[in-house]
Amino acid sequence: MPKTDVLIAGSGSAGIFAATWLAIYDIPFTILECRSGPLEIGQADGVQCRTVEIYESFGLSEELIREAYHILEVCFWGIDEDGDGQEKRGIKRKSRAIDTEKGLSHLPHVILNQARMNGLMLGKMETILKEKGKWEEGKANGIEYGWTVKGLEIDETNKDDPNAHCVRVTAEKDGEEETWEAKYVLGCDGAHSTIRRSLNYRMIGDTSDTVWGVMDIYPLTTFPDIRRKCTIHSSVGNLLIIPREGGHLVRLYIQLPQGVHPKEVTLEDLQAQARAIFSPYAMEFAGVFWWSAYSIGQRLAEKFEKDSRVFLTGDACHTHSPKAGQGMNCSLQDGYNLGWKLGSVLRGLSPPSLLTTYVSERSKTAADLISFDKELAKMFSRKEEHPGEFADYFVKSGRYMAGFTARYGASEVTSVAESTPQVATGITVGMRFPSAQVIRFCDCKAVQLQRVLQSNGRWRVVVFAGDINEVLHRDRLNELADYLEVIVQRFTPATDDIDSLIEPLLVLNSKFLETEQEQIPGYFWPSSGKWGIRDLHKTYIDDEHYNSGHGHAHEKYGVDPSAGAVVIVRPDQYVSKVTTLDDFEGVERFFECCMIEQRTERSSIVKQ
Ligand SMILES: Cc1cc2nc3c(=O)[nH]c(=O)nc-3n(C[C@H](O)[C@H](O)[C@H](O)COP(=O)(O)OP(=O)(O)OC[C@H]3O[C@@H](n4cnc5c(N)ncnc54)[C@H](O)[C@@H]3O)c2cc1C
């Protein structure tokens, strides 16, 4: 019977993200996927700014941004009416608006096919496995295609033993059955999840599924906004236009009447409906690249886990409409949330209790998504109470749709009560660490600070230390550095570099040209890696750059340089704790709650 640490059912967005983290943490995993190979075309396409940030953290944003269509504006079309509210001649543009609020992210909202999105991450996984010497040419390398998962059972007798392979998953390929044993199982197998059904968990919510038609087309049209994202409300139906990457392809989402069955919908039905909605503009189809009709209810699984051994992610535990372009984003972010936690637990760095935060964090996010989707669906289909109501609502919801409202509640990795938020008012505990431009001290490169927080399994302690040229600031930084080094050593395996698990990052308010490397405590430029070379890439300065302007990072983060601040950031870029520069005990207490001590002997503070 094959054994693996983590068995993942399904290689969609959620499964691939979870698996990539496991590759980073060096944890054995197997994905069972019923398709014969990777996704080739179709499905979701909307990529939130937050998702682009996540891709950037894996080093994939350049390709993504280069290939994608960038959404910068939304146009709102409605019924062309005369002064008495009588329809004149079909539709007309009512208003236009910026798509993403200025300053929300340093990265754009884009459109890229889910097959390519998944492909980029699969490429990353391959690179990681190759770097670790785990890649075998011509072999499955963790993804078994053609296997349909049939069911699972948990061995109740040893499920409390953290090392037990207590979950058995049965799958079938070409008429042959095989059973895998795993420590953990992830149900990433989409809306009709077999894993969820095996657990007998119901999906709770709307029973009346809305049917959507989706077509990726090459249009021959007189419609003027065909290269802009548009919502169209016409008297014969509603439609969303999403221009696609490459310059010619366009996706149309068409809401179909209640009662229609997806299997009965034909391409001709969709084309006829599109023509009617676009009237009086011509709409013909030079080509259709992909089309589909599918139904969606707004539903949540009654539970997201079983015995902290089986976890549901993505569409397996939440489904909703595609209107707000959230499907792929929310699902891959489930995998992104769970993957590093599993990696950390299975590496023996964190206790298994860490996994409960997956459920508390992502079930709330999913519930928020369902509420948002219901509200949006209502606004989308009802008649406006006043002109411009829908456009106003859409613009107001921009922050949510960009993926920046997720706020995780208090837990062992989100230290709300023990934080001192007033020292960094632009940073929110439980939300993602925002970005600001700073100058990397060692080579004068202007960088986005968030970009430094790569998804490689490291926690970060970001220290805003003020001006190192002031004696007071230098002394307090030296004291903090001494304490941090001792704290971090406790949780870092003795054979690993001091910055391998918890990486210190220093942000100074000093003048770039008046600062010298020797002034910076050695803890912030440790010797590391194969050659034991000192790593100078951890110090950043908030100052005017030669040719990229001033990032005003302290202003953005709400940090008073004379007081300073310490920010603990999780491996997934979410903020765990904000505190003062002298809260050594608070920092240590935080890591004691979510990490397992690796060295019991405590080294002494060098300078007292
Ligand atoms: C046809 C279709 C069109 C869609 N179009 C849009 C859209 O236009 N816009 C939008 O926002 N969202 C769309 N969605 C939804 C969006 O794709 C999902 O929200 C998102 O893909 C969910 O990611 P996931 O990883 O949870 O699941 P999925 O991406 O669905 O991945 C699940 C994977 O599990 C595999 N699988 C399923 N059952 C088994 C099994 N028993 N054994 C082994 N493998 C299994 C599947 O083959 C699949 O690869 C669409 C979904 C579908 C199915």
# chains A, B, ... in the order shown; residues from 1 in each chain; ligands from 1
call {"tool": "residues_near_ligand", "arguments": {"ligand": "ligand 1", "cutoff": "8 Å", "atoms": "only C-alpha atoms and all ligand atoms", "output": "ChimeraX atom specification"}}
result
/A:9-16,32-35,38-39,42-46,114,146-150,171,188-195,214,253,292-294,313-316,319-332
call {"tool": "residues_around", "arguments": {"residues": "A:Ala417", "least_positions_apart": "5", "cutoff": "12 Å", "atoms": "only C-alpha atoms", "output": "MDAnalysis selection string"}}
result
chainID A and resid 409:412 429:430 576:579 586 590
call {"tool": "select_by_dssp", "arguments": {"residues": "stretch 279-376 of chain A", "states": "strand (DSSP E)", "output": "list in words"}}
result
Met283, Glu284, Phe285, Ala286, Gly287, Val288, Phe289, Trp290, Trp291, Ser292, Ala293, Tyr294, Ser295, Ile296, Arg299, Leu300, Ala301, Glu305, Lys306, Val310, Phe311, Leu312, His318 and Thr319 of chain A
call {"tool": "write_last_selection", "arguments": {"atoms": "C-alpha atoms", "output": "PDB file, in the first residue's frame"}}
result
ATOM      1  CA  MET A 283     -21.978  41.029 -32.367  1.00  0.00           C
ATOM      2  CA  GLU A 284     -20.743  38.146 -34.512  1.00  0.00           C
ATOM      3  CA  PHE A 285     -18.342  35.384 -33.670  1.00  0.00           C
ATOM      4  CA  ALA A 286     -15.272  34.908 -35.828  1.00  0.00           C
ATOM      5  CA  GLY A 287     -14.246  32.054 -33.557  1.00  0.00           C
ATOM      6  CA  VAL A 288     -15.086  30.397 -30.251  1.00  0.00           C
ATOM      7  CA  PHE A 289     -12.058  29.182 -28.323  1.00  0.00           C
ATOM      8  CA  TRP A 290     -13.905  27.639 -25.373  1.00  0.00           C
ATOM      9  CA  TRP A 291     -17.367  27.692 -23.954  1.00  0.00           C
ATOM     10  CA  SER A 292     -19.211  26.154 -21.087  1.00  0.00           C
ATOM     11  CA  ALA A 293     -22.434  26.422 -19.122  1.00  0.00           C
ATOM     12  CA  TYR A 294     -22.400  25.644 -15.473  1.00  0.00           C
ATOM     13  CA  SER A 295     -24.611  26.102 -12.460  1.00  0.00           C
ATOM     14  CA  ILE A 296     -23.663  27.555  -9.143  1.00  0.00           C
ATOM     15  CA  ARG A 299     -23.091  27.188  -0.552  1.00  0.00           C
ATOM     16  CA  LEU A 300     -20.719  26.406   2.280  1.00  0.00           C
ATOM     17  CA  ALA A 301     -19.732  22.975   3.564  1.00  0.00           C
ATOM     18  CA  GLU A 305     -12.196  19.382   8.471  1.00  0.00           C
ATOM     19  CA  LYS A 306     -12.425  16.027  10.169  1.00  0.00           C
ATOM     20  CA  VAL A 310      -8.790  15.686   6.560  1.00  0.00           C
ATOM     21  CA  PHE A 311      -9.277  19.234   5.281  1.00  0.00           C
ATOM     22  CA  LEU A 312     -11.527  20.599   2.575  1.00  0.00           C
ATOM     23  CA  HIS A 318     -17.540  26.861  -0.923  1.00  0.00           C
ATOM     24  CA  THR A 319     -19.246  27.683  -4.203  1.00  0.00           C
TER      25      THR A 319
END
call {"tool": "residues_around", "arguments": {"residues": "A:Arg93", "least_positions_apart": "5", "cutoff": "10 Å", "atoms": "only C-alpha atoms", "output": "list in words"}}
result
Cys75, Phe76, Trp77, Gly78, Ile79, Asp80, Pro224, Asp225, Cys230, Thr231 and Ile232 of chain A
call {"tool": "select_by_dssp", "arguments": {"residues": "stretch 132-229 of chain A", "states": "helix (DSSP H, G or I)", "output": "PyMOL selection string"}}
result
chain A and resi 194-198
call {"tool": "closest_residue", "arguments": {"among": "A:Val395, A:Cys593, A:Leu581, A:Ser235", "to": "A:Ser381", "atoms": "only C-alpha atoms"}}
result
A:Ser235
call {"tool": "closest_residue", "arguments": {"among": "A:Gln48, A:Glu268, A:Ala115, A:Gly343", "to": "A:Thr20", "atoms": "only C-alpha atoms"}}
result
A:Gly343
call {"tool": "closest_residue", "arguments": {"among": "A:Tyr557, A:Phe390, A:Trp340, A:Phe441", "to": "A:Asp26", "atoms": "only C-alpha atoms"}}
result
A:Trp340
call {"tool": "atom_distance", "arguments": {"atom1": "atom CA of A:Val507", "atom2": "atom CA of A:Gly103"}}
result
20.5 Å
call {"tool": "closest_residue", "arguments": {"among": "A:Glu544, A:Leu506, A:Leu484, A:Ala563", "to": "A:Phe584", "atoms": "only C-alpha atoms"}}
result
A:Leu484
call {"tool": "atom_distance", "arguments": {"atom1": "atom CA of A:Pro262", "atom2": "atom CA of A:Leu376"}}
result
21.9 Å
call {"tool": "residues_around", "arguments": {"residues": "A:Thr495", "least_positions_apart": "4", "cutoff": "12 Å", "atoms": "only C-alpha atoms", "output": "ChimeraX atom specification"}}
result
/A:489,491,499-501,528-529,598-599
call {"tool": "closest_residue", "arguments": {"among": "A:Thr266, A:Ser344, A:Ser308, A:Thr179", "to": "A:Cys594", "atoms": "only C-alpha atoms"}}
result
A:Ser344
call {"tool": "atom_distance", "arguments": {"atom1": "atom CA of A:Ile541", "atom2": "atom CA of A:Ser510"}}
result
6.6 Å
call {"tool": "closest_residue", "arguments": {"among": "A:Glu389, A:Val74, A:Gly398, A:Ser36", "to": "A:Phe372", "atoms": "only C-alpha atoms"}}
result
A:Gly398
call {"tool": "decode", "arguments": {"residues": "stretch 485-607 of chain A", "atoms": "C-alpha atoms", "output": "mmCIF file, in the first residue's frame"}}
result
data_model
loop_
_atom_site.group_PDB
_atom_site.id
_atom_site.type_symbol
_atom_site.label_atom_id
_atom_site.label_comp_id
_atom_site.auth_asym_id
_atom_site.auth_seq_id
_atom_site.Cartn_x
_atom_site.Cartn_y
_atom_site.Cartn_z
ATOM 1 C CA GLU A 485 19.068 36.397 18.119
ATOM 2 C CA VAL A 486 18.628 34.410 21.318
ATOM 3 C CA ILE A 487 14.882 34.026 20.825
ATOM 4 C CA VAL A 488 15.231 32.930 17.208
ATOM 5 C CA GLN A 489 17.943 30.397 18.066
ATOM 6 C CA ARG A 490 15.499 28.593 20.370
ATOM 7 C CA PHE A 491 13.175 27.741 17.492
ATOM 8 C CA THR A 492 15.681 27.193 14.689
ATOM 9 C CA PRO A 493 17.092 23.681 14.170
ATOM 10 C CA ALA A 494 20.755 23.702 15.267
ATOM 11 C CA THR A 495 21.975 22.637 11.829
ATOM 12 C CA ASP A 496 20.164 25.452 10.000
ATOM 13 C CA ASP A 497 21.207 29.038 9.359
ATOM 14 C CA ILE A 498 20.032 31.518 11.986
ATOM 15 C CA ASP A 499 17.800 33.279 9.442
ATOM 16 C CA SER A 500 16.382 30.118 7.840
ATOM 17 C CA LEU A 501 13.192 30.012 9.875
ATOM 18 C CA ILE A 502 12.732 33.515 11.274
ATOM 19 C CA GLU A 503 14.342 36.167 9.132
ATOM 20 C CA PRO A 504 15.107 39.639 10.509
ATOM 21 C CA LEU A 505 14.474 42.625 8.241
ATOM 22 C CA LEU A 506 15.576 46.100 9.200
ATOM 23 C CA VAL A 507 13.933 49.306 7.987
ATOM 24 C CA LEU A 508 15.803 52.483 8.860
ATOM 25 C CA ASN A 509 14.806 56.102 8.698
ATOM 26 C CA SER A 510 18.439 57.155 8.275
ATOM 27 C CA LYS A 511 19.969 59.102 5.429
ATOM 28 C CA PHE A 512 21.140 56.593 2.842
ATOM 29 C CA LEU A 513 24.393 58.445 2.127
ATOM 30 C CA GLU A 514 25.269 58.822 5.813
ATOM 31 C CA THR A 515 24.889 55.173 6.767
ATOM 32 C CA GLU A 516 27.582 52.482 6.899
ATOM 33 C CA GLN A 517 27.146 48.708 7.070
ATOM 34 C CA GLU A 518 29.270 48.471 10.264
ATOM 35 C CA GLN A 519 26.679 50.502 12.168
ATOM 36 C CA ILE A 520 24.125 47.726 11.630
ATOM 37 C CA PRO A 521 24.061 44.933 14.241
ATOM 38 C CA GLY A 522 25.529 41.683 12.916
ATOM 39 C CA TYR A 523 22.277 39.820 13.533
ATOM 40 C CA PHE A 524 20.844 41.681 10.524
ATOM 41 C CA TRP A 525 23.661 40.498 8.219
ATOM 42 C CA PRO A 526 24.358 36.945 9.297
ATOM 43 C CA SER A 527 26.724 34.505 7.606
ATOM 44 C CA SER A 528 24.604 31.944 5.809
ATOM 45 C CA GLY A 529 24.325 29.492 2.942
ATOM 46 C CA LYS A 530 26.801 27.020 1.509
ATOM 47 C CA TRP A 531 29.674 29.518 1.493
ATOM 48 C CA GLY A 532 28.972 31.221 4.799
ATOM 49 C CA ILE A 533 28.791 34.588 3.026
ATOM 50 C CA ARG A 534 27.307 37.479 4.983
ATOM 51 C CA ASP A 535 23.819 38.239 3.721
ATOM 52 C CA LEU A 536 23.518 41.985 3.230
ATOM 53 C CA HIS A 537 20.007 41.893 1.780
ATOM 54 C CA LYS A 538 18.118 42.444 5.014
ATOM 55 C CA THR A 539 18.567 46.189 5.579
ATOM 56 C CA TYR A 540 16.320 48.759 3.901
ATOM 57 C CA ILE A 541 16.270 52.524 4.101
ATOM 58 C CA ASP A 542 13.286 54.817 3.756
ATOM 59 C CA ASP A 543 14.909 57.706 1.900
ATOM 60 C CA GLU A 544 14.969 59.495 -1.455
ATOM 61 C CA HIS A 545 16.307 57.154 -4.141
ATOM 62 C CA TYR A 546 18.652 58.416 -6.876
ATOM 63 C CA ASN A 547 16.071 57.844 -9.587
ATOM 64 C CA SER A 548 12.956 56.209 -8.130
ATOM 65 C CA GLY A 549 11.709 58.910 -5.755
ATOM 66 C CA HIS A 550 10.886 58.547 -2.045
ATOM 67 C CA GLY A 551 8.691 55.680 -0.854
ATOM 68 C CA HIS A 552 7.632 57.410 2.402
ATOM 69 C CA ALA A 553 7.397 53.983 3.971
ATOM 70 C CA HIS A 554 7.154 55.221 7.570
ATOM 71 C CA GLU A 555 4.242 57.441 6.637
ATOM 72 C CA LYS A 556 2.528 54.568 4.812
ATOM 73 C CA TYR A 557 3.056 52.105 7.652
ATOM 74 C CA GLY A 558 2.082 54.728 10.253
ATOM 75 C CA VAL A 559 5.346 54.271 12.149
ATOM 76 C CA ASP A 560 6.841 57.177 14.094
ATOM 77 C CA PRO A 561 10.608 56.771 13.514
ATOM 78 C CA SER A 562 11.434 58.087 16.975
ATOM 79 C CA ALA A 563 9.333 55.319 18.586
ATOM 80 C CA GLY A 564 9.946 52.546 16.028
ATOM 81 C CA ALA A 565 8.017 49.273 15.781
ATOM 82 C CA VAL A 566 8.418 45.517 15.460
ATOM 83 C CA VAL A 567 6.135 43.591 13.102
ATOM 84 C CA ILE A 568 5.998 39.792 13.026
ATOM 85 C CA VAL A 569 4.886 38.477 9.631
ATOM 86 C CA ARG A 570 3.824 34.897 8.883
ATOM 87 C CA PRO A 571 5.214 32.864 5.989
ATOM 88 C CA ASP A 572 2.078 33.781 3.998
ATOM 89 C CA GLN A 573 2.646 37.555 4.450
ATOM 90 C CA TYR A 574 -0.147 38.010 7.008
ATOM 91 C CA VAL A 575 0.692 40.137 10.044
ATOM 92 C CA SER A 576 0.852 38.225 13.313
ATOM 93 C CA LYS A 577 1.850 40.898 15.767
ATOM 94 C CA VAL A 578 2.732 44.587 15.961
ATOM 95 C CA THR A 579 4.657 45.686 19.005
ATOM 96 C CA THR A 580 7.208 48.060 20.508
ATOM 97 C CA LEU A 581 10.970 47.825 20.110
ATOM 98 C CA ASP A 582 11.461 46.833 23.751
ATOM 99 C CA ASP A 583 8.822 44.077 23.883
ATOM 100 C CA PHE A 584 11.393 41.256 23.884
ATOM 101 C CA GLU A 585 9.248 39.050 26.110
ATOM 102 C CA GLY A 586 6.170 39.606 23.959
ATOM 103 C CA VAL A 587 8.055 38.494 20.843
ATOM 104 C CA GLU A 588 9.369 35.405 22.625
ATOM 105 C CA ARG A 589 5.918 34.555 24.014
ATOM 106 C CA PHE A 590 4.471 34.796 20.529
ATOM 107 C CA PHE A 591 6.869 32.250 19.056
ATOM 108 C CA GLU A 592 6.469 29.981 22.099
ATOM 109 C CA CYS A 593 2.758 29.706 21.250
ATOM 110 C CA CYS A 594 3.130 28.657 17.633
ATOM 111 C CA MET A 595 6.562 27.068 17.328
ATOM 112 C CA ILE A 596 8.278 24.073 18.898
ATOM 113 C CA GLU A 597 11.547 24.729 20.680
ATOM 114 C CA GLN A 598 14.411 23.104 18.753
ATOM 115 C CA ARG A 599 17.256 23.799 21.197
ATOM 116 C CA THR A 600 16.660 23.638 24.892
ATOM 117 C CA GLU A 601 19.889 25.283 26.034
ATOM 118 C CA ARG A 602 19.470 29.035 25.968
ATOM 119 C CA SER A 603 22.431 31.096 24.844
ATOM 120 C CA SER A 604 23.067 34.189 26.901
ATOM 121 C CA ILE A 605 22.570 37.731 25.735
ATOM 122 C CA VAL A 606 25.958 38.930 24.598
ATOM 123 C CA LYS A 607 25.692 42.538 25.721
#
